[in-house]
Structures are given as structure tokens and as C-alpha cells.
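Heads up: the structure comes next, in C-alpha cells.
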Amino acid sequence: MRSLPWITAASRPLVMGILNVTPDSFSDGGQFSATERAVTQARDMVTQGADIIDVGGESTRPGAEAVSVDEELSRVIPVLDRLAADPDFSTPISIDTSKPEVMRAAVEAGATLVNDVRALQAPGAVDVCQALQVPVCLMHMQGAPRTMQANPAYDDVVQEVGDFLRARAAVCEAGGIARENILLDPGFGFGKSLTHNLCLLKHLDRLADLGYPLLVGLSRKSMFQQLLDVPVSERLVASVAAAVLAVSRGARIVRVHDVLETVQAMQVYAAVEHANCP
Ligand code: 7PM
């Protein structure tokens, strides 16, 4: 994935499968089994139709503690090495990180897209991505993961998220990252109330109008807990519905846990979009 035309040219919105390589999701301990399980899950998601696999070793959940560079590397690099060594695995991989050291090592190990919830604001991150010549996803977050859901506040959430994303894209372009290599993401749930999330989804077309492909992550998020009062295990239907609403308003990539169901929904969406009607 040297640049992004294949995203805008794709016949349907693309589905990015979430691969968390954190002790939270692999609680039986041991790096070996965590790596094995992640590799198996990556293959399963590809079988289910995933277009991209997003590998992440840092938990960015609200309230989460920071992870060291070495710890993050020890989680994600073995997974990338295993997938790179598999001749049957050719699906593009993105690396979900904010650390320049992890970005570089992951791309050297085969990742072809950098997904950063901090929009390359870490010192050196823009330079590393410029040197690596990889596409980058710049996400909006208000505050920091540990505290961002305490009291999110905006005068006009759509305007402010758009202003931030436009400014970060400008910084990246000034730093030598090609405009064609920039994706934007409003960051659902990252320092946003339920109303903020709903307004961003309702007016996502205004963010699409910034002119960069949009990626969105709504899958299983706590906005559905607030809306429906259902646990994580019962948020599939809401997540798929939200993904369809997002692509209908211009999103080009949806980042999800439930790949099979979301791919089917995207096929229905694309069939309607492309229907030849007399
Ligand atoms: C707990 C709560 C664990 C929330 C993980 C999360 C996004 C992302 C994440 C997103 C992009 C999740 C989040 N969310 N990257 N990484 N966009 N680009 O639901 O919305 O996976 S972490």
C-alpha cells in the first residue's frame, strides 16, 4: 500500500479488522500464545473478508495506562514477523501506534499503513512517516485516554474536529507527507459525549468534504451502551448499523471487530449504490 487511490477507487467501502495484541485480550499470559492467537485471528478476519488488518499493542481505552516502547514492540513485532513470513497472507496491515519507534519497526516488519489516535503529534512521528513513505490515518482525540471521557466539551464538535484534522493534515503535508497518503478519522468515543458522537456521525459528510478519505471506528463502542444499555457482547447490530450510516455519509474505511457481518453490510450498501436503475 504505497498510496491511497485503491481506497477511493474500491468498489465498496473497505473493512479494517481490529487485531488487539494486548494482555487484556490474551489474559492466559505468555507472549508465545498471544502471538499465536493474534496470527490465527488475523487469518480468520481475512477469511471473513477483511481488506486491512489493524495491529495494535497499546490499549487506548478510556482510563488505560501508558505502555513502554519495548513492551509495545514485544507485542506487535512477533505478529508482524509471522504474517510477513506467510506466503498466503497478502492483506495490507496497519500499525495502530503513536510511537515513532514502533511506527518504524512495524513498517520495516511489513506494515504498510500507520494508524495513530494521536495524529502524529509525538515528537518525530511526522518525520518518521515521511521517511517511510507510508499512508497515515490521523485521528481526533480531545484530552488523553486516561481522562478524556471525564467531561468532553465543544462549542461545535463537527467544526472543531474538522479544524483539528485539517490542521494536522497541513502539518503532515508541510513535513513532506504526500496529500494522497493522508486519511482522517473523527475519533468516535475519544473525548466525546453521546451527543458529540451522534452529531459527528450525522454530519460526517462535512468531514468528508475536507477532501481526504475518512476512516471511522464505531465498533462496539460505549456510545451503544449509553444508547441501548447493552454490554459489549450485544453491540453487533448497532455497530453494523452505525457503519452503514457512516459509509452513507462518505466514510471509505470502517474499523471493526465483526468483520464477516460488516463486510456483508458493505456489500449491500455497495449493491444499492451501484444499482443500474432504469
Ligand atoms: C477500549 C475502548 C479499547 C476503545 C479500545 C478502544 C479507534 C482507533 C481505537 C478509532 C482509529 C476501539 C478503541 N479506536 N483507531 N483505535 N479510529 N483510527 O474501539 O476509532 O478499538 S481503540
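For the C-alpha cells, the naming scheme is as follows: chains receive sequential letters (A, B, ...) according to their order of presentation, residues are indexed from 1 within each chain, and ligands are indexed from 1 in presentation order.
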
Exercise for the section: Pick out each residue of segment 70-259 of chain A that DSSP on the backbone tags as helix (DSSP H, G or I); I need them as a ChimeraX atom specification. Expected result: /A:70-84,100-108,125-132,157-174,179-181,194-202,204-208,222-228,232-234,236-248,259

Exercise for the section: Can you pull out every residue within 10 Å of Pro78 of chain A, counting only C-alpha atoms, but drop anything in the same chain fewer than 6 positions away, and send it as a PyMOL selection string? Expected result: chain A and resi 31-32+34-36+38-39+84+106+109

Practice task
Could you tell me, as a PyMOL selection string, which residues of segment 18-107 of chain A DSSP assigns to strand (DSSP E or B) when given the backbone?
Solution key: chain A and resi 18-20+52-56+93-96

Within 7 Å of ligand 1, which residues of chain A show up? Give each one with its shortest atom-to-atom distance in Å (one decimal) and the two atoms involved, counting only C-alpha atoms and all ligand atoms, rows by chain then rising residue number, as JSON lines.
{"residue": "A:Ile18", "atom": "CA", "partner": "ligand 1", "partner_atom_place_in_ligand_line": "21 (O)", "distance": 6.8}
{"residue": "A:Ser59", "atom": "CA", "partner": "ligand 1", "partner_atom_place_in_ligand_line": "3 (C)", "distance": 5.9}
{"residue": "A:Thr60", "atom": "CA", "partner": "ligand 1", "partner_atom_place_in_ligand_line": "22 (S)", "distance": 5.2}
{"residue": "A:Arg61", "atom": "CA", "partner": "ligand 1", "partner_atom_place_in_ligand_line": "1 (C)", "distance": 3.5}
{"residue": "A:Pro62", "atom": "CA", "partner": "ligand 1", "partner_atom_place_in_ligand_line": "2 (C)", "distance": 6.0}
{"residue": "A:Asp96", "atom": "CA", "partner": "ligand 1", "partner_atom_place_in_ligand_line": "15 (N)", "distance": 6.7}
{"residue": "A:Asn115", "atom": "CA", "partner": "ligand 1", "partner_atom_place_in_ligand_line": "18 (N)", "distance": 5.5}
{"residue": "A:Asp116", "atom": "CA", "partner": "ligand 1", "partner_atom_place_in_ligand_line": "18 (N)", "distance": 6.4}
{"residue": "A:Val117", "atom": "CA", "partner": "ligand 1", "partner_atom_place_in_ligand_line": "15 (N)", "distance": 5.5}
{"residue": "A:Cys137", "atom": "CA", "partner": "ligand 1", "partner_atom_place_in_ligand_line": "18 (N)", "distance": 6.2}
{"residue": "A:Met139", "atom": "CA", "partner": "ligand 1", "partner_atom_place_in_ligand_line": "18 (N)", "distance": 5.7}
{"residue": "A:Asp185", "atom": "CA", "partner": "ligand 1", "partner_atom_place_in_ligand_line": "18 (N)", "distance": 5.9}
{"residue": "A:Gly187", "atom": "CA", "partner": "ligand 1", "partner_atom_place_in_ligand_line": "20 (O)", "distance": 4.6}
{"residue": "A:Phe188", "atom": "CA", "partner": "ligand 1", "partner_atom_place_in_ligand_line": "20 (O)", "distance": 5.2}
{"residue": "A:Leu215", "atom": "CA", "partner": "ligand 1", "partner_atom_place_in_ligand_line": "18 (N)", "distance": 6.4}
{"residue": "A:Val216", "atom": "CA", "partner": "ligand 1", "partner_atom_place_in_ligand_line": "20 (O)", "distance": 5.5}
{"residue": "A:Gly217", "atom": "CA", "partner": "ligand 1", "partner_atom_place_in_ligand_line": "20 (O)", "distance": 3.4}
{"residue": "A:Leu218", "atom": "CA", "partner": "ligand 1", "partner_atom_place_in_ligand_line": "20 (O)", "distance": 6.0}
{"residue": "A:Ser219", "atom": "CA", "partner": "ligand 1", "partner_atom_place_in_ligand_line": "19 (O)", "distance": 6.0}
{"residue": "A:Arg220", "atom": "CA", "partner": "ligand 1", "partner_atom_place_in_ligand_line": "19 (O)", "distance": 6.5}
{"residue": "A:Lys221", "atom": "CA", "partner": "ligand 1", "partner_atom_place_in_ligand_line": "19 (O)", "distance": 5.6}
{"residue": "A:Arg255", "atom": "CA", "partner": "ligand 1", "partner_atom_place_in_ligand_line": "17 (N)", "distance": 6.7}

Exercise for the section: May I ask for the distance between atom CA of Asp156 of chain A and atom CA of Leu210 of chain A, given in Å to one decimal place? Expected result: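 Computed distance, atom CA of Asp156 of chain A to atom CA of Leu210 of chain A, equals 16.5 Å.
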
Exercise for the section: Write out as a list in words which residues come within 12 Å of Ser90 of chain A when counting only C-alpha atoms, dropping same-chain ones fewer than 6 positions away. Expected result: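 My reading of the contact set: Met1, Ala42, Arg43, Val46, Thr47, Ala50, Asp51, Ile52, Ile53, Leu80, Leu83, Ala84, Gly110, Ala111 and Thr112 of chain A.
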
Exercise for the section: Excluding Lys99 of chain A and residues on its chain fewer than 6 positions from it, collect all residues at most 10 Å away from it, counting only C-alpha atoms, and give them as a PyMOL selection string. Expected result: chain A and resi 58+68-69+72-73+116+118+120-125+128

File dump, residues just selected, C-alpha atoms, as a PDB file, in the first residue's frame:
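Result file out_9.pdb:
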ATOM      1  CA  GLU A  58      -1.205  -0.227  23.139  1.00  0.00           C
ATOM      2  CA  SER A  68       6.626   1.455  27.059  1.00  0.00           C
ATOM      3  CA  VAL A  69       8.212   1.311  23.612  1.00  0.00           C
ATOM      4  CA  GLU A  72       4.666  -2.387  22.639  1.00  0.00           C
ATOM      5  CA  LEU A  73       7.359  -3.708  20.274  1.00  0.00           C
ATOM      6  CA  ASP A 116      -2.332   6.979  15.014  1.00  0.00           C
ATOM      7  CA  ARG A 118      -2.711  10.974  18.349  1.00  0.00           C
ATOM      8  CA  LEU A 120       1.345  12.052  14.588  1.00  0.00           C
ATOM      9  CA  GLN A 121       1.699  14.625  17.397  1.00  0.00           C
ATOM     10  CA  ALA A 122       4.514  12.697  19.137  1.00  0.00           C
ATOM     11  CA  PRO A 123       7.913  14.339  18.505  1.00  0.00           C
ATOM     12  CA  GLY A 124       9.458  12.773  15.403  1.00  0.00           C
ATOM     13  CA  ALA A 125       6.320  10.983  14.230  1.00  0.00           C
ATOM     14  CA  VAL A 128       9.394   9.004  10.528  1.00  0.00           C
TER      15      VAL A 128
END

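Once segment 160-169 of chain A and its same-chain neighbours fewer than 5 positions away are set aside, A:Ala119, A:Leu138, A:Met139, A:His140, A:Tyr154, A:Asp155, A:Arg179, A:Ile182, A:Leu184, A:Asp185, A:Pro186, A:Leu207, A:Leu210 remain within 8 Å of it when counting only C-alpha atoms.
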
For the selection you just gave me, I'd like the residues written to a file as a PDB file, in the first residue's frame, keeping N, CA and C atoms.
ATOM      1  N   ALA A 119      -2.660  11.357  15.946  1.00  0.00           N
ATOM      2  CA  ALA A 119      -2.490  12.163  14.726  1.00  0.00           C
ATOM      3  C   ALA A 119      -1.054  12.637  14.504  1.00  0.00           C
ATOM      4  N   LEU A 138      -4.885   9.995  10.521  1.00  0.00           N
ATOM      5  CA  LEU A 138      -4.807  10.998  11.582  1.00  0.00           C
ATOM      6  C   LEU A 138      -6.158  11.045  12.293  1.00  0.00           C
ATOM      7  N   MET A 139      -6.176  10.711  13.599  1.00  0.00           N
ATOM      8  CA  MET A 139      -7.432  10.684  14.351  1.00  0.00           C
ATOM      9  C   MET A 139      -7.533  11.849  15.320  1.00  0.00           C
ATOM     10  N   HIS A 140      -8.753  12.317  15.521  1.00  0.00           N
ATOM     11  CA  HIS A 140      -9.004  13.363  16.524  1.00  0.00           C
ATOM     12  C   HIS A 140      -9.276  12.740  17.897  1.00  0.00           C
ATOM     13  N   TYR A 154     -17.344  20.876  23.754  1.00  0.00           N
ATOM     14  CA  TYR A 154     -17.122  21.569  22.478  1.00  0.00           C
ATOM     15  C   TYR A 154     -18.193  22.652  22.331  1.00  0.00           C
ATOM     16  N   ASP A 155     -17.875  23.725  21.587  1.00  0.00           N
ATOM     17  CA  ASP A 155     -18.922  24.654  21.158  1.00  0.00           C
ATOM     18  C   ASP A 155     -19.631  24.083  19.940  1.00  0.00           C
ATOM     19  N   ARG A 179      -0.153  14.429   0.232  1.00  0.00           N
ATOM     20  CA  ARG A 179      -1.587  14.579   0.484  1.00  0.00           C
ATOM     21  C   ARG A 179      -2.333  13.275   0.197  1.00  0.00           C
ATOM     22  N   ILE A 182      -2.791  10.664   3.124  1.00  0.00           N
ATOM     23  CA  ILE A 182      -3.416  11.060   4.390  1.00  0.00           C
ATOM     24  C   ILE A 182      -4.882  10.643   4.432  1.00  0.00           C
ATOM     25  N   LEU A 184      -8.254  10.688   7.284  1.00  0.00           N
ATOM     26  CA  LEU A 184      -8.695  11.363   8.512  1.00  0.00           C
ATOM     27  C   LEU A 184      -9.757  10.527   9.223  1.00  0.00           C
ATOM     28  N   ASP A 185      -9.839  10.723  10.552  1.00  0.00           N
ATOM     29  CA  ASP A 185     -10.762   9.943  11.388  1.00  0.00           C
ATOM     30  C   ASP A 185     -11.258  10.835  12.529  1.00  0.00           C
ATOM     31  N   PRO A 186     -12.582  10.987  12.698  1.00  0.00           N
ATOM     32  CA  PRO A 186     -13.104  11.863  13.760  1.00  0.00           C
ATOM     33  C   PRO A 186     -12.884  11.327  15.172  1.00  0.00           C
ATOM     34  N   LEU A 207     -17.093  16.389   7.188  1.00  0.00           N
ATOM     35  CA  LEU A 207     -15.682  16.000   7.325  1.00  0.00           C
ATOM     36  C   LEU A 207     -15.179  15.361   6.030  1.00  0.00           C
ATOM     37  N   LEU A 210     -13.678  17.696   3.544  1.00  0.00           N
ATOM     38  CA  LEU A 210     -12.303  18.188   3.681  1.00  0.00           C
ATOM     39  C   LEU A 210     -11.430  17.657   2.540  1.00  0.00           C
TER      40      LEU A 210
END

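Picture a line from atom CA of Ser193 of chain A to atom CA of Pro23 of chain A; it runs 27.7 Å.
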
Exercise for the section: Would you mind telling me which residue in A:Ser94, A:Gln225, A:Asn276, A:Gln48 lies nearest to Glu261 of chain A when using only C-alpha atoms? Expected result: A:Gln48

Practice task
In Å, rounded to a single decimal, give me how far atom CA of Glu65 of chain A is from atom CA of Val102 of chain A.
Solution key: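 One can read the atom CA of Val102 of chain A to atom CA of Glu65 of chain A distance as 17.4 Å.
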
Practice task
Name all residues at most 8 Å from Ala238 of chain A (count only C-alpha atoms; drop same-chain ones fewer than 3 positions away) and give them as a PyMOL selection string.
Solution key: chain A and resi 220+224+235+241-242

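Considering the residues A:Gly57, A:Pro213, A:Val268, A:Asp70 and counting only C-alpha atoms, Val254 of chain A has its shortest atom-to-atom contact with A:Pro213.
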
Practice task
Would you list the contacts of Ala251 of chain A as a PyMOL selection string, taking every protein, DNA or RNA residue within 9 Å and counting only C-alpha atoms, but skipping same-chain residues closer than 5 positions in sequence?
Solution key: chain A and resi 13+204-205+208+213-216+243+245-246

Exercise for the section: Have a look at A:Gln142, A:Ser33, A:Ser11, A:Thr91 and name the one nearest to Gly49 of chain A; count only C-alpha atoms. Expected result: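 Checking each candidate against Gly49 of chain A, we get A:Thr91 as the closest.
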
Problem - A:Leu14, A:Val158, A:Leu200, A:Val126 ranked by distance to Glu101 of chain A, top pick (using only C-alpha atoms) - result: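 Smallest distance to Glu101 of chain A is found for A:Val126.
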
Completion exercise
Closest of A:Ile77, A:Ala66, A:Ala265, A:Ala85 to Arg104 of chain A, counting only C-alpha atoms, is A:Ile77
